[in-house]
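J.: Dropping in coords01.cif, with mmCIF, C-alpha atoms.
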data_coords
#
loop_
_atom_site.group_PDB
_atom_site.id
_atom_site.type_symbol
_atom_site.label_atom_id
_atom_site.label_comp_id
_atom_site.auth_asym_id
_atom_site.auth_seq_id
_atom_site.Cartn_x
_atom_site.Cartn_y
_atom_site.Cartn_z
ATOM 1 C CA MET S 724 90.506 72.051 141.084
ATOM 2 C CA SER S 725 92.516 73.578 143.879
ATOM 3 C CA TRP S 726 94.214 76.926 143.256
ATOM 4 C CA THR S 727 97.791 76.467 144.280
ATOM 5 C CA MET S 728 100.619 78.902 143.686
ATOM 6 C CA GLU S 729 101.841 76.684 140.848
ATOM 7 C CA THR S 730 98.420 76.719 139.112
ATOM 8 C CA ARG S 731 98.120 80.497 139.449
ATOM 9 C CA GLY S 732 101.609 80.962 137.998
ATOM 10 C CA ARG S 733 100.777 78.792 134.978
ATOM 11 C CA LEU S 734 97.512 80.659 134.362
ATOM 12 C CA ALA S 735 99.256 84.032 134.609
ATOM 13 C CA ALA S 736 101.939 82.901 132.134
ATOM 14 C CA LEU S 737 99.233 81.631 129.768
ATOM 15 C CA ALA S 738 97.333 84.933 129.999
ATOM 16 C CA VAL S 739 100.494 86.917 129.196
ATOM 17 C CA CYS S 740 101.225 84.678 126.207
ATOM 18 C CA LEU S 741 97.707 85.202 124.871
ATOM 19 C CA LEU S 742 97.367 88.933 125.500
ATOM 20 C CA LEU S 743 100.838 90.159 124.579
ATOM 21 C CA PRO S 744 100.513 89.544 120.815
ATOM 22 C CA LEU S 745 96.999 91.036 120.765
ATOM 23 C CA GLY S 746 98.166 94.214 122.478
ATOM 24 C CA ALA S 747 101.081 94.647 120.075
ATOM 25 C CA VAL S 748 98.911 94.296 116.971
ATOM 26 C CA GLY S 749 96.074 96.425 118.306
ATOM 27 C CA CYS S 750 98.119 99.505 119.165
ATOM 28 C CA GLY S 751 100.708 99.244 116.404
ATOM 29 C CA THR S 752 103.622 99.776 118.776
ATOM 30 C CA ALA S 753 105.330 96.446 118.245
ATOM 31 C CA ARG S 754 106.992 97.829 115.131
ATOM 32 C CA GLY S 755 106.807 101.505 115.920
ATOM 33 C CA GLY S 756 103.791 101.831 113.661
ATOM 34 C CA THR S 757 100.560 103.708 113.591
ATOM 35 C CA GLY S 758 98.274 100.761 112.983
ATOM 36 C CA LEU S 759 97.792 101.779 109.333
ATOM 37 C CA GLY S 760 98.403 99.370 106.527
ATOM 38 C CA PRO S 761 100.330 99.987 103.304
ATOM 39 C CA GLY S 762 97.414 101.697 101.596
ATOM 40 C CA GLY S 763 96.842 104.047 104.508
ATOM 41 C CA ASP S 764 93.864 102.077 105.829
ATOM 42 C CA ALA S 765 93.483 100.629 109.298
ATOM 43 C CA SER S 766 92.135 97.295 108.048
ATOM 44 C CA ALA S 767 95.573 95.963 107.217
ATOM 45 C CA GLY S 768 96.869 96.357 110.777
ATOM 46 C CA ALA S 769 100.313 97.419 111.831
ATOM 47 C CA ALA S 770 102.178 94.671 110.018
ATOM 48 C CA GLY S 771 103.114 96.862 107.052
ATOM 49 C CA ALA S 772 102.855 100.336 108.535
ATOM 50 C CA ASP S 773 106.244 101.317 109.896
ATOM 51 C CA SER S 774 107.991 98.000 109.614
ATOM 52 C CA PRO S 775 111.706 98.009 110.324
ATOM 53 C CA SER S 776 112.365 96.328 106.978
ATOM 54 C CA PRO S 777 113.048 98.707 104.080
ATOM 55 C CA VAL S 778 110.142 99.837 101.924
ATOM 56 C CA GLY S 779 110.938 99.210 98.285
ATOM 57 C CA LYS S 780 114.505 99.451 97.031
ATOM 58 C CA VAL S 781 116.526 102.652 96.932
ATOM 59 C CA LEU S 782 118.133 102.902 93.500
ATOM 60 C CA ASP S 783 121.379 104.606 92.498
ATOM 61 C CA ASP S 784 119.372 106.629 89.970
ATOM 62 C CA THR S 785 118.065 110.064 90.919
ATOM 63 C CA ASP S 786 115.378 112.394 89.668
ATOM 64 C CA ASP S 787 116.259 115.717 88.019
ATOM 65 C CA SER S 788 116.530 117.379 91.452
ATOM 66 C CA GLY S 789 119.118 114.832 92.679
ATOM 67 C CA ARG S 790 116.853 112.761 94.966
ATOM 68 C CA HIS S 791 117.315 108.985 94.919
ATOM 69 C CA LEU S 792 114.492 106.868 93.515
ATOM 70 C CA ARG S 793 112.716 104.356 95.777
ATOM 71 C CA GLU S 794 111.480 101.525 93.543
ATOM 72 C CA VAL S 795 108.202 99.832 94.503
ATOM 73 C CA GLY S 796 106.161 97.137 92.774
ATOM 74 C CA GLY S 797 103.675 98.262 90.157
ATOM 75 C CA LYS S 798 100.583 96.497 91.552
ATOM 76 C CA ASN S 799 99.943 98.758 94.560
ATOM 77 C CA ALA S 800 102.380 101.524 93.693
ATOM 78 C CA PRO S 801 101.413 105.127 94.407
ATOM 79 C CA GLU S 802 99.866 107.128 91.577
ATOM 80 C CA VAL S 803 99.126 110.823 91.153
ATOM 81 C CA GLY S 804 97.001 112.823 88.755
ATOM 82 C CA VAL S 805 97.058 116.599 88.312
ATOM 83 C CA GLU S 806 94.314 118.926 87.075
ATOM 84 C CA ILE S 807 94.744 122.677 86.698
ATOM 85 C CA THR S 808 92.011 125.264 86.179
ATOM 86 C CA PRO S 809 92.114 129.057 86.258
ATOM 87 C CA ASP S 810 90.809 130.554 89.471
ATOM 88 C CA SER S 811 88.991 133.844 89.928
ATOM 89 C CA ALA S 812 91.923 135.604 91.616
ATOM 90 C CA ASP S 813 94.486 135.704 88.783
ATOM 91 C CA GLY S 814 96.015 132.344 89.575
ATOM 92 C CA TRP S 815 95.548 128.657 88.984
ATOM 93 C CA ASP S 816 93.791 126.001 91.062
ATOM 94 C CA VAL S 817 95.882 122.809 91.172
ATOM 95 C CA ARG S 818 94.072 119.631 92.248
ATOM 96 C CA LEU S 819 95.888 116.373 92.838
ATOM 97 C CA THR S 820 94.264 112.959 92.918
ATOM 98 C CA PHE S 821 95.999 110.009 94.540
ATOM 99 C CA ARG S 822 95.778 106.258 94.355
ATOM 100 C CA HIS S 823 97.609 104.066 96.889
ATOM 101 C CA PHE S 824 99.051 107.251 98.395
ATOM 102 C CA ARG S 825 98.317 109.556 101.285
ATOM 103 C CA VAL S 826 100.034 112.885 101.925
ATOM 104 C CA SER S 827 101.858 113.117 105.233
ATOM 105 C CA THR S 828 101.368 115.824 107.772
ATOM 106 C CA PRO S 829 104.076 118.484 108.039
ATOM 107 C CA GLY S 830 106.785 117.359 110.438
ATOM 108 C CA ALA S 831 106.267 113.639 109.802
ATOM 109 C CA ARG S 832 109.139 111.365 110.805
ATOM 110 C CA PRO S 833 111.770 111.177 108.048
ATOM 111 C CA THR S 834 111.086 107.490 107.446
ATOM 112 C CA ALA S 835 109.833 105.854 104.261
ATOM 113 C CA VAL S 836 106.378 104.384 104.849
ATOM 114 C CA THR S 837 104.595 102.580 102.032
ATOM 115 C CA GLY S 838 102.363 104.942 100.053
ATOM 116 C CA ARG S 839 102.937 108.024 102.172
ATOM 117 C CA GLY S 840 104.860 111.306 101.939
ATOM 118 C CA PRO S 841 104.615 114.797 100.486
ATOM 119 C CA ALA S 842 104.000 115.771 96.887
ATOM 120 C CA CYS S 843 106.179 118.389 95.236
ATOM 121 C CA LEU S 844 104.960 120.729 92.528
ATOM 122 C CA PHE S 845 107.257 121.800 89.711
ATOM 123 C CA VAL S 846 106.717 124.426 87.018
ATOM 124 C CA ASP S 847 108.922 123.886 83.967
ATOM 125 C CA GLY S 848 111.262 121.709 86.055
ATOM 126 C CA ARG S 849 111.650 124.208 88.926
ATOM 127 C CA ARG S 850 110.209 123.220 92.315
ATOM 128 C CA VAL S 851 107.654 125.761 93.530
ATOM 129 C CA ALA S 852 105.953 123.996 96.461
ATOM 130 C CA ARG S 853 105.962 120.998 98.786
ATOM 131 C CA LEU S 854 102.366 119.917 99.275
ATOM 132 C CA TYR S 855 100.727 118.288 102.293
ATOM 133 C CA ALA S 856 97.226 118.616 100.830
ATOM 134 C CA PRO S 857 95.626 117.715 97.482
ATOM 135 C CA ARG S 858 94.966 121.369 96.520
ATOM 136 C CA TYR S 859 97.226 124.317 95.857
ATOM 137 C CA ARG S 860 96.778 127.809 94.478
ATOM 138 C CA LEU S 861 99.480 128.496 91.918
ATOM 139 C CA PRO S 862 100.118 132.257 91.705
ATOM 140 C CA ASP S 863 100.006 133.688 88.191
ATOM 141 C CA ARG S 864 103.486 135.217 88.668
ATOM 142 C CA LEU S 865 104.920 131.672 88.490
ATOM 143 C CA VAL S 866 103.355 131.012 85.079
ATOM 144 C CA PRO S 867 103.868 134.034 82.821
ATOM 145 C CA HIS S 868 102.711 134.284 79.207
ATOM 146 C CA GLY S 869 103.315 131.057 77.249
ATOM 147 C CA THR S 870 102.955 127.301 77.691
ATOM 148 C CA HIS S 871 104.157 125.702 80.923
ATOM 149 C CA HIS S 872 104.540 122.159 82.239
ATOM 150 C CA VAL S 873 103.214 121.694 85.789
ATOM 151 C CA THR S 874 104.349 118.426 87.383
ATOM 152 C CA ALA S 875 103.314 116.789 90.657
ATOM 153 C CA ARG S 876 105.853 114.227 91.919
ATOM 154 C CA LEU S 877 105.454 111.916 94.935
ATOM 155 C CA TYR S 878 108.135 111.599 97.609
ATOM 156 C CA ALA S 879 108.600 109.445 100.694
ATOM 157 C CA ASP S 880 109.067 111.222 104.020
ATOM 158 C CA ASP S 881 112.786 110.381 103.956
ATOM 159 C CA GLY S 882 113.237 112.492 100.810
ATOM 160 C CA THR S 883 113.436 109.659 98.277
ATOM 161 C CA VAL S 884 111.191 109.702 95.206
ATOM 162 C CA TRP S 885 108.599 106.956 94.769
ATOM 163 C CA ALA S 886 109.375 105.171 91.498
ATOM 164 C CA VAL S 887 107.988 102.380 89.331
ATOM 165 C CA HIS S 888 110.145 100.702 86.666
ATOM 166 C CA GLY S 889 112.928 103.204 87.376
ATOM 167 C CA LYS S 890 110.752 106.269 86.671
ATOM 168 C CA PRO S 891 109.520 108.801 89.261
ATOM 169 C CA VAL S 892 105.825 108.591 90.153
ATOM 170 C CA GLN S 893 104.526 111.853 88.746
ATOM 171 C CA SER S 894 101.957 113.456 86.510
ATOM 172 C CA THR S 895 102.256 116.540 84.290
ATOM 173 C CA ALA S 896 99.650 118.943 82.969
ATOM 174 C CA ASP S 897 100.347 121.665 80.426
ATOM 175 C CA ILE S 898 98.801 125.109 80.737
ATOM 176 C CA THR S 899 98.949 127.952 78.257
ATOM 177 C CA VAL S 900 98.749 131.476 79.550
ATOM 178 C CA SER S 901 97.625 134.084 77.057
ATOM 179 C CA ASP S 902 97.904 137.824 77.487
ATOM 180 C CA THR S 903 94.507 138.654 78.954
ATOM 181 C CA ARG S 904 95.275 142.224 79.991
ATOM 182 C CA PRO S 905 92.934 144.748 78.400
ATOM 183 C CA PRO S 906 94.608 147.010 75.868
ATOM 184 C CA GLY S 907 95.745 150.359 77.222
ATOM 185 C CA PRO S 908 94.053 153.626 76.239
ATOM 186 C CA THR S 909 94.429 154.760 72.644
ATOM 187 C CA PRO S 910 96.395 157.997 72.405
ATOM 188 C CA ALA S 911 94.366 160.961 71.098
ATOM 189 C CA GLY S 912 94.547 161.255 67.332
ATOM 190 C CA ALA S 913 95.963 157.768 66.822
ATOM 191 C CA ASP S 914 93.066 156.900 64.531
ATOM 192 C CA ARG S 915 93.849 159.743 62.070
ATOM 193 C CA LEU S 916 96.056 159.203 59.068
ATOM 194 C CA PRO S 917 99.081 161.448 58.805
ATOM 195 C CA ASP S 918 98.918 164.224 56.206
ATOM 196 C CA GLY S 919 101.058 163.534 53.354
#
The structure given in the file should be rewritten as structure tokens.
T.:
Amino acid sequence: MSWTMETRGRLAALAVCLLLPLGAVGCGTARGGTGLGPGGDASAGAAGADSPSPVGKVLDDTDDSGRHLREVGGKNAPEVGVEITPDSADGWDVRLTFRHFRVSTPGARPTAVTGRGPACLFVDGRRVARLYAPRYRLPDRLVPHGTHHVTARLYADDGTVWAVHGKPVQSTADITVSDTRPPGPTPAGADRLPDG
């Protein structure tokens, strides 16, 4: 076969047609993505990572803090669990467990990406922290004497709340704080009965 200019041009065009799609999928830039799939794993490729199509459906409904709900299907929807234990420094150790969810890094782009975002921690309905890690130390000053509801709720990076069947994806644990301070000193003579 003789290598003419026409043959070289055809081969170059063929090579571009073959390599262009491979390069776009491999680096995840074709859709502005990171190469991570919907579950946060690299095995799924860039096809679902930062796709330009909307993730889920933003509902008119909001959570109790006024953020719109982002409805996603139940099969691979994000899930969160919360466990709270007392720590040794007069506070509480909060541990979150996730399924189909990965916390974003601080400063992430404000774009909804399937199964990604921050978690927010609420005590008795009041937001106390935005979490970018699965652990948090809850200071005892935020949970005084009594029973309290500690809720972890999952958000997308655009500020919407992940939701399934119209309900925010969240988990709540109750903690009861008893008065554990040692009694103060007994005043002198307090153990004597008054004369009478």
J.: What's the 9 Å shell around S:Ser788, counting all atoms listed in the file, without same-chain residues fewer than 5 positions away, as a PyMOL selection string?
T.: chain S and resi 848-850
J.: Name the residues that the PyMOL selection byres ((chain S and resi 822-832) around 6) picks from the file above, as a list of chain:residue names, using the file's chain letters and numbers.
T.: S:Gly762, S:Pro801, S:Glu802, S:Phe821, S:Pro833, S:Thr834, S:Gly838, S:Arg839, S:Gly840, S:Pro841, S:Tyr855
J.: Going by the chain IDs and residue numbers used in this file, which residues fall under the PyMOL selection byres ((chain S and resi 816) around 7)? Write them as a PDB file with C-alpha atoms, in the frame of the given file.
T.:
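File written: out11.pdb
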ATOM      1  CA  ILE S 807      94.744 122.677  86.698  1.00  0.00           C
ATOM      2  CA  THR S 808      92.011 125.264  86.179  1.00  0.00           C
ATOM      3  CA  PRO S 809      92.114 129.057  86.258  1.00  0.00           C
ATOM      4  CA  ASP S 810      90.809 130.554  89.471  1.00  0.00           C
ATOM      5  CA  GLY S 814      96.015 132.344  89.575  1.00  0.00           C
ATOM      6  CA  TRP S 815      95.548 128.657  88.984  1.00  0.00           C
ATOM      7  CA  VAL S 817      95.882 122.809  91.172  1.00  0.00           C
ATOM      8  CA  ARG S 818      94.072 119.631  92.248  1.00  0.00           C
ATOM      9  CA  TYR S 859      97.226 124.317  95.857  1.00  0.00           C
ATOM     10  CA  ARG S 860      96.778 127.809  94.478  1.00  0.00           C
ATOM     11  CA  LEU S 861      99.480 128.496  91.918  1.00  0.00           C
TER      12      LEU S 861
END
J.: I'd like the neighbourhood of S:Ile898 as a PyMOL selection string, where a residue qualifies if any of its atoms comes within 8 Å (using all atoms listed in the file), though same-chain residues fewer than 4 positions away should be ignored.
T.: chain S and resi 807+870-873
J.: Please measure the separation of atom CA of S:Val884 and atom CA of S:Val778, giving the value in Å to one decimal.
T.: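 Pair atom CA of S:Val884 / atom CA of S:Val778 returns 12.0 Å.
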J.: Suppose you want the space between atom CA of S:Leu854 and atom CA of S:Gly804; what is it in Å?
T.: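 Taking atom CA of S:Leu854 and atom CA of S:Gly804, their separation equals 13.8 Å.
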J.: Of the candidates S:Ala842, S:Val900, S:Val795, S:Arg853, which one gets nearest to S:Leu865 if we count all atoms listed in the file?
T.: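 Looking only at the distances to S:Leu865, the closest residue turns out to be S:Val900.
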J.: Give me, please, the distance in Å between atom CA of S:Glu794 and atom CA of S:Ser894, quoted to one decimal.
T.: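 Computed distance, atom CA of S:Glu794 to atom CA of S:Ser894, equals 16.8 Å.
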J.: Given the PyMOL selection byres ((chain S and resi 857) around 6) and the file above, list the residues it selects as a ChimeraX atom specification.
T.: /S:818-819,856,858
J.: Need the shell around S:Ala852: protein/DNA/RNA residues with any atom at most 8 Å away, counting only C-alpha atoms. Skip same-chain ones fewer than 4 positions apart. Format as a list in words?
T.: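 With the cut-off at 8 Å, the set is Cys843, Leu844 and Phe845 of chain S.
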J.: Please report, as AutoDock Vina command-line options, the centre and edge lengths in Å to one decimal of an axis-aligned box covering all listed atoms of stretch 874-893 of chain S with 3 Å per side.
T.:
--center_x 108.4 --center_y 109.6 --center_z 95.3 --size_x 16.1 --size_y 23.7 --size_z 23.4
J.: Tell me which of S:Ala896, S:Val781, S:Ala812, S:Ala800 sits closest to S:Val846, counting only C-alpha atoms.
T.: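 Checking each candidate against S:Val846, we get S:Ala896 as the closest.
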